[in-house]
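Asker: What follows is my_file12.cif, made up of mmCIF, C-alpha atoms:
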data_coords
#
loop_
_atom_site.label_atom_id
_atom_site.label_comp_id
_atom_site.auth_asym_id
_atom_site.auth_seq_id
_atom_site.Cartn_x
_atom_site.Cartn_y
_atom_site.Cartn_z
CA MET A 103 -46.11 -18.14 -2.48
CA TRP A 104 -46.73 -21.77 -3.46
CA THR A 105 -45.67 -20.85 -7.02
CA HIS A 106 -42.26 -19.55 -5.91
CA ARG A 107 -39.81 -20.41 -8.69
CA SER A 108 -37.16 -22.11 -6.55
CA TRP A 109 -39.49 -24.59 -4.82
CA PRO A 110 -40.88 -26.91 -7.56
CA GLY A 111 -38.85 -30.11 -7.83
CA ARG A 112 -37.04 -29.36 -4.55
CA LEU A 113 -39.77 -28.70 -2.01
CA LEU A 114 -42.90 -28.96 -4.14
CA PRO A 115 -43.88 -30.99 -7.22
CA PRO A 116 -44.69 -29.28 -10.54
CA ALA A 117 -48.41 -30.07 -10.14
CA GLU A 118 -50.75 -29.47 -7.19
CA ARG A 119 -48.18 -27.21 -5.57
CA LEU A 120 -50.67 -25.69 -3.17
CA ARG A 121 -51.73 -29.09 -1.83
CA HIS A 122 -48.07 -29.90 -1.11
CA TYR A 123 -47.35 -26.42 0.27
CA ALA A 124 -50.26 -26.92 2.69
CA SER A 125 -48.44 -29.95 4.11
CA TRP A 126 -45.43 -27.74 4.88
CA CYS A 127 -47.27 -24.73 6.33
CA ASP A 128 -50.83 -24.07 7.44
CA ALA A 129 -51.11 -20.48 6.18
CA VAL A 130 -50.15 -18.51 3.08
CA GLU A 131 -49.99 -14.90 1.97
CA GLY A 132 -52.07 -14.20 -1.12
CA ASN A 133 -49.93 -11.50 -2.68
CA THR A 134 -50.93 -12.04 -6.34
CA THR A 135 -54.47 -10.88 -5.57
CA PHE A 136 -52.98 -7.39 -5.23
CA TYR A 137 -52.29 -7.35 -8.98
CA ALA A 138 -55.47 -9.00 -10.24
CA THR A 139 -58.64 -10.49 -8.82
CA PRO A 140 -58.50 -14.25 -9.48
CA ALA A 141 -61.21 -16.13 -11.31
CA ARG A 142 -63.75 -17.76 -9.01
CA ASP A 143 -62.92 -21.19 -10.50
CA THR A 144 -59.27 -20.66 -9.65
CA VAL A 145 -60.16 -19.86 -6.05
CA ALA A 146 -62.36 -22.95 -5.93
CA SER A 147 -59.31 -25.01 -6.91
CA TRP A 148 -57.39 -23.47 -4.00
CA ALA A 149 -60.15 -24.54 -1.64
CA ALA A 150 -60.13 -28.06 -3.09
CA GLN A 151 -56.40 -28.43 -2.35
CA THR A 152 -56.56 -27.30 1.29
CA ASP A 153 -58.31 -28.27 4.50
CA PRO A 154 -60.95 -25.90 5.92
CA SER A 155 -58.50 -25.00 8.71
CA PHE A 156 -55.86 -23.72 6.25
CA ARG A 157 -55.39 -19.93 6.45
CA PHE A 158 -55.32 -17.61 3.44
CA VAL A 159 -54.41 -13.99 4.15
CA LEU A 160 -55.39 -12.33 0.89
CA LYS A 161 -54.27 -8.87 -0.15
CA LEU A 162 -56.95 -6.54 -1.48
CA PRO A 163 -56.43 -5.44 -5.11
CA LYS A 164 -54.27 -2.38 -5.69
CA VAL A 165 -57.14 -0.62 -7.46
CA VAL A 166 -58.84 -0.52 -4.06
CA THR A 167 -55.90 0.37 -1.81
CA HIS A 168 -53.42 2.24 -3.99
CA GLU A 169 -55.18 3.60 -7.06
CA ARG A 170 -58.50 4.68 -5.51
CA ARG A 171 -57.14 4.83 -1.96
CA LEU A 172 -60.24 3.20 -0.40
CA THR A 173 -62.70 5.66 -2.03
CA ASP A 174 -65.35 4.78 -4.63
CA VAL A 175 -64.30 1.13 -4.67
CA GLY A 176 -67.67 -0.62 -4.55
CA ASP A 177 -67.41 -2.44 -7.88
CA PRO A 178 -63.85 -3.83 -7.60
CA LEU A 179 -64.41 -4.72 -3.96
CA ARG A 180 -67.62 -6.64 -4.72
CA ALA A 181 -65.86 -8.48 -7.56
CA PHE A 182 -63.04 -9.48 -5.22
CA LEU A 183 -65.34 -10.64 -2.42
CA ASP A 184 -67.37 -12.71 -4.88
CA ALA A 185 -64.21 -14.30 -6.33
CA ILE A 186 -62.88 -15.47 -2.95
CA GLU A 187 -66.22 -16.78 -1.66
CA PRO A 188 -65.32 -20.44 -2.45
CA LEU A 189 -62.59 -20.31 0.22
CA GLY A 190 -65.19 -20.19 2.96
CA PRO A 191 -63.49 -20.40 6.39
CA ARG A 192 -60.06 -20.58 4.76
CA ALA A 193 -60.20 -16.81 4.18
CA HIS A 194 -58.56 -16.07 7.52
CA ALA A 195 -58.21 -12.32 6.95
CA LEU A 196 -58.36 -9.81 4.13
CA TRP A 197 -55.11 -7.87 4.04
CA ILE A 198 -55.38 -4.12 3.44
CA GLN A 199 -51.83 -3.05 2.59
CA LEU A 200 -51.69 0.72 2.24
CA PRO A 201 -49.06 2.73 0.35
CA GLY A 202 -46.31 4.61 2.13
CA SER A 203 -48.01 7.88 1.19
CA PHE A 204 -51.13 6.91 3.16
CA SER A 205 -50.66 9.21 6.16
CA PRO A 206 -52.49 9.98 9.41
CA ALA A 207 -54.49 12.57 7.47
CA ASP A 208 -55.97 9.68 5.47
CA VAL A 209 -57.22 7.70 8.47
CA PRO A 210 -60.80 9.07 8.10
CA ALA A 211 -60.92 7.41 4.66
CA LEU A 212 -59.81 4.14 6.23
CA ASP A 213 -62.43 4.53 8.95
CA ARG A 214 -65.21 5.00 6.36
CA PHE A 215 -63.92 2.08 4.31
CA LEU A 216 -63.77 -0.32 7.26
CA GLY A 217 -67.27 0.73 8.28
CA GLN A 218 -68.64 -0.30 4.87
CA LEU A 219 -67.06 -3.77 4.79
CA PRO A 220 -69.15 -6.88 5.39
CA ARG A 221 -68.79 -8.42 8.84
CA SER A 222 -68.48 -11.87 7.28
CA HIS A 223 -64.71 -11.37 6.96
CA ARG A 224 -61.91 -10.34 9.27
CA TYR A 225 -59.62 -7.51 8.19
CA ALA A 226 -55.99 -6.65 8.85
CA VAL A 227 -54.25 -3.42 7.87
CA GLU A 228 -50.60 -2.82 7.03
CA VAL A 229 -49.36 0.77 7.02
CA ARG A 230 -45.95 2.07 6.02
CA HIS A 231 -46.01 5.82 6.68
CA PRO A 232 -43.32 6.60 9.32
CA ALA A 233 -45.69 8.70 11.44
CA PHE A 234 -47.70 5.61 12.37
CA PHE A 235 -44.61 4.28 14.14
CA THR A 236 -43.13 7.46 15.63
CA ASP A 237 -45.99 9.92 16.33
CA PRO A 238 -47.95 8.92 19.47
CA HIS A 239 -51.06 10.78 18.26
CA ALA A 240 -50.99 8.98 14.88
CA ILE A 241 -50.50 5.63 16.61
CA ARG A 242 -53.47 6.20 18.93
CA LEU A 243 -55.63 7.40 16.03
CA LEU A 244 -54.93 4.33 13.93
CA GLU A 245 -55.29 1.93 16.85
CA ALA A 246 -58.65 3.44 17.78
CA THR A 247 -59.88 3.21 14.18
CA LEU A 248 -58.83 -0.42 13.82
CA THR A 249 -60.16 -1.41 17.24
CA ALA A 250 -63.56 0.08 16.47
CA ALA A 251 -63.74 -2.12 13.36
CA SER A 252 -62.27 -5.22 15.09
CA ALA A 253 -59.43 -5.05 12.55
CA GLU A 254 -55.81 -6.04 13.18
CA TRP A 255 -52.64 -4.03 12.54
CA ILE A 256 -50.08 -6.14 10.64
CA PRO A 257 -46.47 -5.33 11.54
CA PHE A 258 -43.93 -5.95 8.78
CA ASP A 259 -40.72 -6.40 10.75
CA THR A 260 -37.66 -5.55 8.65
CA THR A 261 -35.45 -4.51 11.56
CA ALA A 262 -33.26 -7.65 11.40
CA PHE A 263 -32.87 -7.26 7.66
CA PHE A 264 -31.62 -3.68 7.86
CA THR A 265 -29.03 -4.27 10.60
CA SER A 266 -26.17 -4.53 8.06
CA PRO A 267 -25.64 -3.93 4.31
CA PRO A 268 -26.88 -6.51 1.79
CA THR A 269 -24.59 -9.34 0.65
CA SER A 270 -26.57 -10.96 -2.20
CA ASP A 271 -28.48 -9.85 -5.28
CA ALA A 272 -31.79 -10.68 -3.62
CA GLU A 273 -30.83 -8.72 -0.51
CA ARG A 274 -29.72 -5.75 -2.60
CA ASP A 275 -33.06 -5.76 -4.40
CA ALA A 276 -34.99 -5.97 -1.12
CA TRP A 277 -32.81 -3.21 0.35
CA THR A 278 -34.30 -0.70 -2.09
CA LYS A 279 -37.90 -1.89 -1.86
CA LYS A 280 -38.76 -2.94 1.68
CA PRO A 281 -39.98 -0.40 4.24
CA ARG A 282 -37.77 0.70 7.11
CA VAL A 283 -40.02 1.24 10.09
CA PRO A 284 -39.57 0.66 13.82
CA LEU A 285 -40.57 -2.64 15.39
CA ARG A 286 -44.18 -3.00 16.51
CA SER A 287 -45.43 -6.03 18.45
CA VAL A 288 -48.84 -5.03 19.82
CA ALA A 289 -51.88 -7.17 19.01
CA LEU A 290 -55.28 -5.49 18.71
CA THR A 291 -57.38 -8.63 18.23
CA ASP A 292 -57.33 -12.30 19.13
CA ARG A 293 -55.89 -13.11 15.68
CA PRO A 294 -52.67 -11.12 15.24
CA ILE A 295 -50.71 -11.42 11.99
CA VAL A 296 -46.96 -10.81 11.68
CA ARG A 297 -44.77 -10.50 8.60
CA TYR A 298 -41.07 -11.00 9.33
CA LEU A 299 -38.18 -10.47 6.89
CA GLY A 300 -34.85 -12.06 7.72
CA ARG A 301 -31.68 -12.47 5.66
CA ASP A 302 -30.58 -15.03 3.08
CA ASP A 303 -28.25 -16.35 5.80
CA SER A 304 -30.54 -18.70 7.75
CA ALA A 305 -28.60 -18.28 10.99
CA ARG A 306 -29.15 -14.53 10.91
CA THR A 307 -32.83 -15.03 10.11
CA VAL A 308 -33.22 -17.30 13.14
CA GLN A 309 -31.31 -14.89 15.36
CA GLY A 310 -33.53 -12.00 14.25
CA TRP A 311 -36.81 -13.75 14.94
CA GLN A 312 -36.13 -14.64 18.60
CA ARG A 313 -38.21 -11.72 19.86
CA TRP A 314 -41.13 -12.99 17.76
CA VAL A 315 -40.81 -16.48 19.20
CA GLU A 316 -41.37 -15.01 22.67
CA VAL A 317 -44.15 -12.65 21.58
CA THR A 318 -45.94 -15.42 19.70
CA ALA A 319 -45.66 -17.78 22.66
CA ASP A 320 -47.10 -15.08 24.94
CA TRP A 321 -50.00 -14.50 22.55
CA LEU A 322 -50.79 -18.21 22.53
CA ARG A 323 -50.74 -18.32 26.32
CA GLU A 324 -53.21 -15.40 26.30
CA GLY A 325 -55.58 -17.45 24.14
CA ARG A 326 -54.86 -15.63 20.88
CA SER A 327 -54.39 -17.40 17.54
CA PRO A 328 -51.44 -15.71 15.78
CA THR A 329 -50.32 -16.20 12.19
CA VAL A 330 -46.63 -15.54 11.47
CA PHE A 331 -45.15 -15.36 7.97
CA VAL A 332 -41.40 -15.86 7.64
CA HIS A 333 -39.65 -14.33 4.63
CA THR A 334 -36.09 -13.98 3.40
CA PRO A 335 -35.04 -11.89 0.40
CA ASP A 336 -34.76 -14.95 -1.87
CA ASN A 337 -37.37 -17.03 0.02
CA ALA A 338 -35.53 -20.17 -1.11
CA ASP A 339 -35.87 -21.93 2.26
CA ALA A 340 -38.86 -20.04 3.64
CA PRO A 341 -41.04 -23.17 4.20
CA ARG A 342 -38.29 -24.89 6.17
CA LEU A 343 -37.64 -21.75 8.18
CA ALA A 344 -41.36 -21.33 8.89
CA ARG A 345 -41.49 -24.88 10.27
CA ARG A 346 -38.42 -24.17 12.40
CA PHE A 347 -40.08 -21.04 13.79
CA HIS A 348 -43.18 -23.09 14.60
CA ASP A 349 -41.03 -25.69 16.38
CA GLU A 350 -39.29 -23.00 18.46
CA VAL A 351 -42.63 -21.59 19.55
CA ARG A 352 -43.94 -25.09 20.26
CA ALA A 353 -40.97 -25.76 22.53
CA ARG A 354 -42.25 -22.90 24.70
CA VAL A 355 -45.94 -23.76 24.33
CA PRO A 356 -46.11 -27.58 24.33
CA GLY A 357 -49.86 -27.55 23.77
CA LEU A 358 -49.39 -26.08 20.30
CA ALA A 359 -50.06 -28.73 17.67
CA ALA A 360 -47.23 -29.83 15.42
CA LEU A 361 -47.37 -29.03 11.72
CA PRO A 362 -48.17 -31.97 9.43
CA ALA A 363 -45.39 -34.01 7.85
CA PRO A 364 -44.65 -32.64 4.35
CA ILE A 365 -45.87 -34.76 1.47
CA PRO A 366 -42.76 -36.32 -0.14
CA VAL A 367 -41.79 -34.99 -3.56
CA GLU A 368 -41.33 -38.01 -5.79
CA PRO A 369 -38.22 -37.84 -7.97
CA LEU A 370 -38.72 -37.32 -11.67
CA THR A 371 -38.24 -40.44 -13.81
CA LEU A 372 -37.79 -41.04 -17.52
CA PHE A 373 -40.67 -43.56 -17.68
#
Kindly present the structure from the file in structure tokens form.
Answerer:
Amino acid sequence: MWTHRSWPGRLLPPAERLRHYASWCDAVEGNTTFYATPARDTVASWAAQTDPSFRFVLKLPKVVTHERRLTDVGDPLRAFLDAIEPLGPRAHALWIQLPGSFSPADVPALDRFLGQLPRSHRYAVEVRHPAFFTDPHAIRLLEATLTAASAEWIPFDTTAFFTSPPTSDAERDAWTKKPRVPLRSVALTDRPIVRYLGRDDSARTVQGWQRWVEVTADWLREGRSPTVFVHTPDNADAPRLARRFHDEVRARVPGLAALPAPIPVEPLTLF
């Protein structure tokens, strides 16, 4: 996300964007790793720009999750794990996003896959098949599989987004692409991860995340360490919104540390 096109020059400088992003937020989704495994040198540069406490949640490549559907994936998985090794403790969780066609009948494949993964990483799974949100048997089956592997279930909350028709080009695009599934707010591990999608109207985004402020505060009081990602369809103000979310949670849990002050973006000059 630190390469988002609307941020350089406004929130981030043209160079060392990740270092500046890490002064706004202390976690990032690694979505580009879904499309291609990065070079190890590139990952080493990510580590150099961030503190060891910074959290990367990196999506497994699509060849593993979507094309081969978790079967016969030894070579691409090993290449990915080798590439991200320079992150060290910054690799907070490896994100296994499964296609909407991945159904309860496919859970045995997920169980075998999770059982083969190295214990040196934590894993978090995102599912989109409706049965995992409406069928009690499917929910129990997936929860049991994830719990046995100490893996988390990532909810992608789009309920606030889908409350009314889209009003912008970015919202119209998201309307056709984002999953419509019921809200889920159950943590399976001590490190829950939430993905929340609001609207391009910041007020509506804030209104829609109030339930997550309370859930996140409760998790912190229980001793958990949640990671919450705030999105809007255009993501133009996502870093500011993420900091606002953090502040709202901190108001309820005063012991939560404040985020660092963002590094100022120096104005461009002619000389």
Asker: Nearest to Gly190 (chain A) among A:Val159, A:Ala149, A:Ala226, A:Ala262, with distances taken over only C-alpha atoms: which residue is it?
Answerer: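 So, comparing all the options, the nearest one is A:Ala149.
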Asker: So what do you get for CA of Val330 (chain A) versus CA of Val296 (chain A), distance-wise?
Answerer: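 About the pair CA of Val330 (chain A) and CA of Val296 (chain A): they are 4.7 Å apart.
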Asker: For region 217-223 of chain A, work out the shell of residues within 10 Å, counting all atoms listed in the file and skipping chain neighbours fewer than 5 positions away, then give it as a ChimeraX atom specification.
Answerer: /A:176,179-180,183,190-191,193-196,211-212,247,250-253
Asker: Separation of CA of Pro364 (chain A) and CA of Ser125 (chain A), in Å?
Answerer: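 We find that CA of Pro364 (chain A) and CA of Ser125 (chain A) lie 4.7 Å from each other.
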Asker: Can you tell me, as a list in words, what residues are no more than 10 Å from Thr134 (chain A) when counting only C-alpha atoms, ignoring any on the same chain fewer than 4 positions away?
Answerer: Met103, Ala138, Thr139, Pro140, Leu160, Lys161, Leu162 and Pro163 of chain A
Asker: Separation of CA of Arg352 (chain A) and CA of Glu316 (chain A), in Å?
Answerer: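 Pair CA of Arg352 (chain A) / CA of Glu316 (chain A) returns 10.7 Å.
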Asker: Have a look at A:Ala181, A:Asp153, A:Ala207, A:Ser270 and name the one nearest to His122 (chain A); count only C-alpha atoms.
Answerer: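 Once distances to His122 (chain A) are computed over only C-alpha atoms, the minimum belongs to A:Asp153.
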Asker: Once the PyMOL selection byres ((chain A and resi 333) around 6) is applied to the coordinates I shared, what remains selected? I want it as a VMD selection string.
Answerer: chain A and resid 298 to 299 332 334 337 340
Asker: Can those selected residues be exported to a file as a PDB file, in the coordinates of the input so that it contains C-alpha atoms?
Answerer:
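selection_16.pdb was written with the following content:
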ATOM      1  CA  TYR A 298     -41.070 -11.000   9.330  1.00  0.00           C
ATOM      2  CA  LEU A 299     -38.180 -10.470   6.890  1.00  0.00           C
ATOM      3  CA  VAL A 332     -41.400 -15.860   7.640  1.00  0.00           C
ATOM      4  CA  THR A 334     -36.090 -13.980   3.400  1.00  0.00           C
ATOM      5  CA  ASN A 337     -37.370 -17.030   0.020  1.00  0.00           C
ATOM      6  CA  ALA A 340     -38.860 -20.040   3.640  1.00  0.00           C
TER       7      ALA A 340
END
Asker: Determine the nearest neighbour of Gly300 (chain A) from the options A:Arg354, A:Arg286, A:Arg230, A:Lys280, counting all atoms listed in the file.
Answerer: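 Between A:Arg354, A:Arg286, A:Arg230, A:Lys280, the residue approaching Gly300 (chain A) most closely is A:Lys280.
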Asker: How would region 335-352 of chain A read, as an mmCIF file, in the coordinates of the input, once N, CA, C and O atoms are built in?
Answerer:
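Heads up, here's the output in part08.cif:
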data_model
loop_
_atom_site.group_PDB
_atom_site.id
_atom_site.type_symbol
_atom_site.label_atom_id
_atom_site.label_comp_id
_atom_site.auth_asym_id
_atom_site.auth_seq_id
_atom_site.Cartn_x
_atom_site.Cartn_y
_atom_site.Cartn_z
ATOM 1 N N PRO A 335 -35.036 -12.546 1.712
ATOM 2 C CA PRO A 335 -35.040 -11.890 0.400
ATOM 3 C C PRO A 335 -35.218 -12.839 -0.772
ATOM 4 O O PRO A 335 -35.941 -12.523 -1.728
ATOM 5 N N ASP A 336 -34.570 -14.022 -0.748
ATOM 6 C CA ASP A 336 -34.760 -14.950 -1.870
ATOM 7 C C ASP A 336 -35.852 -15.986 -1.611
ATOM 8 O O ASP A 336 -36.281 -16.682 -2.536
ATOM 9 N N ASN A 337 -36.308 -16.101 -0.373
ATOM 10 C CA ASN A 337 -37.370 -17.030 0.020
ATOM 11 C C ASN A 337 -37.092 -18.484 -0.340
ATOM 12 O O ASN A 337 -38.002 -19.319 -0.323
ATOM 13 N N ALA A 338 -35.849 -18.820 -0.649
ATOM 14 C CA ALA A 338 -35.530 -20.170 -1.110
ATOM 15 C C ALA A 338 -35.878 -21.230 -0.072
ATOM 16 O O ALA A 338 -36.369 -22.308 -0.407
ATOM 17 N N ASP A 339 -35.623 -20.950 1.197
ATOM 18 C CA ASP A 339 -35.870 -21.930 2.260
ATOM 19 C C ASP A 339 -36.957 -21.473 3.214
ATOM 20 O O ASP A 339 -37.015 -21.930 4.362
ATOM 21 N N ALA A 340 -37.838 -20.588 2.757
ATOM 22 C CA ALA A 340 -38.860 -20.040 3.640
ATOM 23 C C ALA A 340 -39.751 -21.116 4.272
ATOM 24 O O ALA A 340 -40.045 -21.036 5.468
ATOM 25 N N PRO A 341 -40.199 -22.153 3.536
ATOM 26 C CA PRO A 341 -41.040 -23.170 4.200
ATOM 27 C C PRO A 341 -40.307 -23.888 5.328
ATOM 28 O O PRO A 341 -40.885 -24.126 6.392
ATOM 29 N N ARG A 342 -39.044 -24.229 5.106
ATOM 30 C CA ARG A 342 -38.290 -24.890 6.170
ATOM 31 C C ARG A 342 -38.102 -23.962 7.370
ATOM 32 O O ARG A 342 -38.200 -24.383 8.533
ATOM 33 N N LEU A 343 -37.817 -22.707 7.088
ATOM 34 C CA LEU A 343 -37.640 -21.750 8.180
ATOM 35 C C LEU A 343 -38.947 -21.543 8.940
ATOM 36 O O LEU A 343 -38.942 -21.429 10.171
ATOM 37 N N ALA A 344 -40.069 -21.493 8.224
ATOM 38 C CA ALA A 344 -41.360 -21.330 8.890
ATOM 39 C C ALA A 344 -41.627 -22.498 9.836
ATOM 40 O O ALA A 344 -42.118 -22.310 10.955
ATOM 41 N N ARG A 345 -41.291 -23.704 9.398
ATOM 42 C CA ARG A 345 -41.490 -24.880 10.270
ATOM 43 C C ARG A 345 -40.549 -24.810 11.472
ATOM 44 O O ARG A 345 -40.932 -25.199 12.578
ATOM 45 N N ARG A 346 -39.349 -24.300 11.271
ATOM 46 C CA ARG A 346 -38.420 -24.170 12.400
ATOM 47 C C ARG A 346 -38.957 -23.143 13.401
ATOM 48 O O ARG A 346 -38.877 -23.354 14.618
ATOM 49 N N PHE A 347 -39.492 -22.038 12.898
ATOM 50 C CA PHE A 347 -40.080 -21.040 13.790
ATOM 51 C C PHE A 347 -41.214 -21.675 14.601
ATOM 52 O O PHE A 347 -41.302 -21.495 15.824
ATOM 53 N N HIS A 348 -42.076 -22.423 13.921
ATOM 54 C CA HIS A 348 -43.180 -23.090 14.600
ATOM 55 C C HIS A 348 -42.657 -24.022 15.703
ATOM 56 O O HIS A 348 -43.206 -24.054 16.814
ATOM 57 N N ASP A 349 -41.601 -24.763 15.391
ATOM 58 C CA ASP A 349 -41.030 -25.690 16.380
ATOM 59 C C ASP A 349 -40.468 -24.934 17.584
ATOM 60 O O ASP A 349 -40.579 -25.395 18.730
ATOM 61 N N GLU A 350 -39.836 -23.770 17.342
ATOM 62 C CA GLU A 350 -39.290 -23.000 18.460
ATOM 63 C C GLU A 350 -40.397 -22.469 19.358
ATOM 64 O O GLU A 350 -40.250 -22.444 20.590
ATOM 65 N N VAL A 351 -41.501 -22.044 18.744
ATOM 66 C CA VAL A 351 -42.630 -21.590 19.550
ATOM 67 C C VAL A 351 -43.227 -22.768 20.313
ATOM 68 O O VAL A 351 -43.555 -22.668 21.502
ATOM 69 N N ARG A 352 -43.342 -23.905 19.648
ATOM 70 C CA ARG A 352 -43.940 -25.090 20.260
ATOM 71 C C ARG A 352 -43.108 -25.584 21.459
ATOM 72 O O ARG A 352 -43.654 -26.133 22.416
#
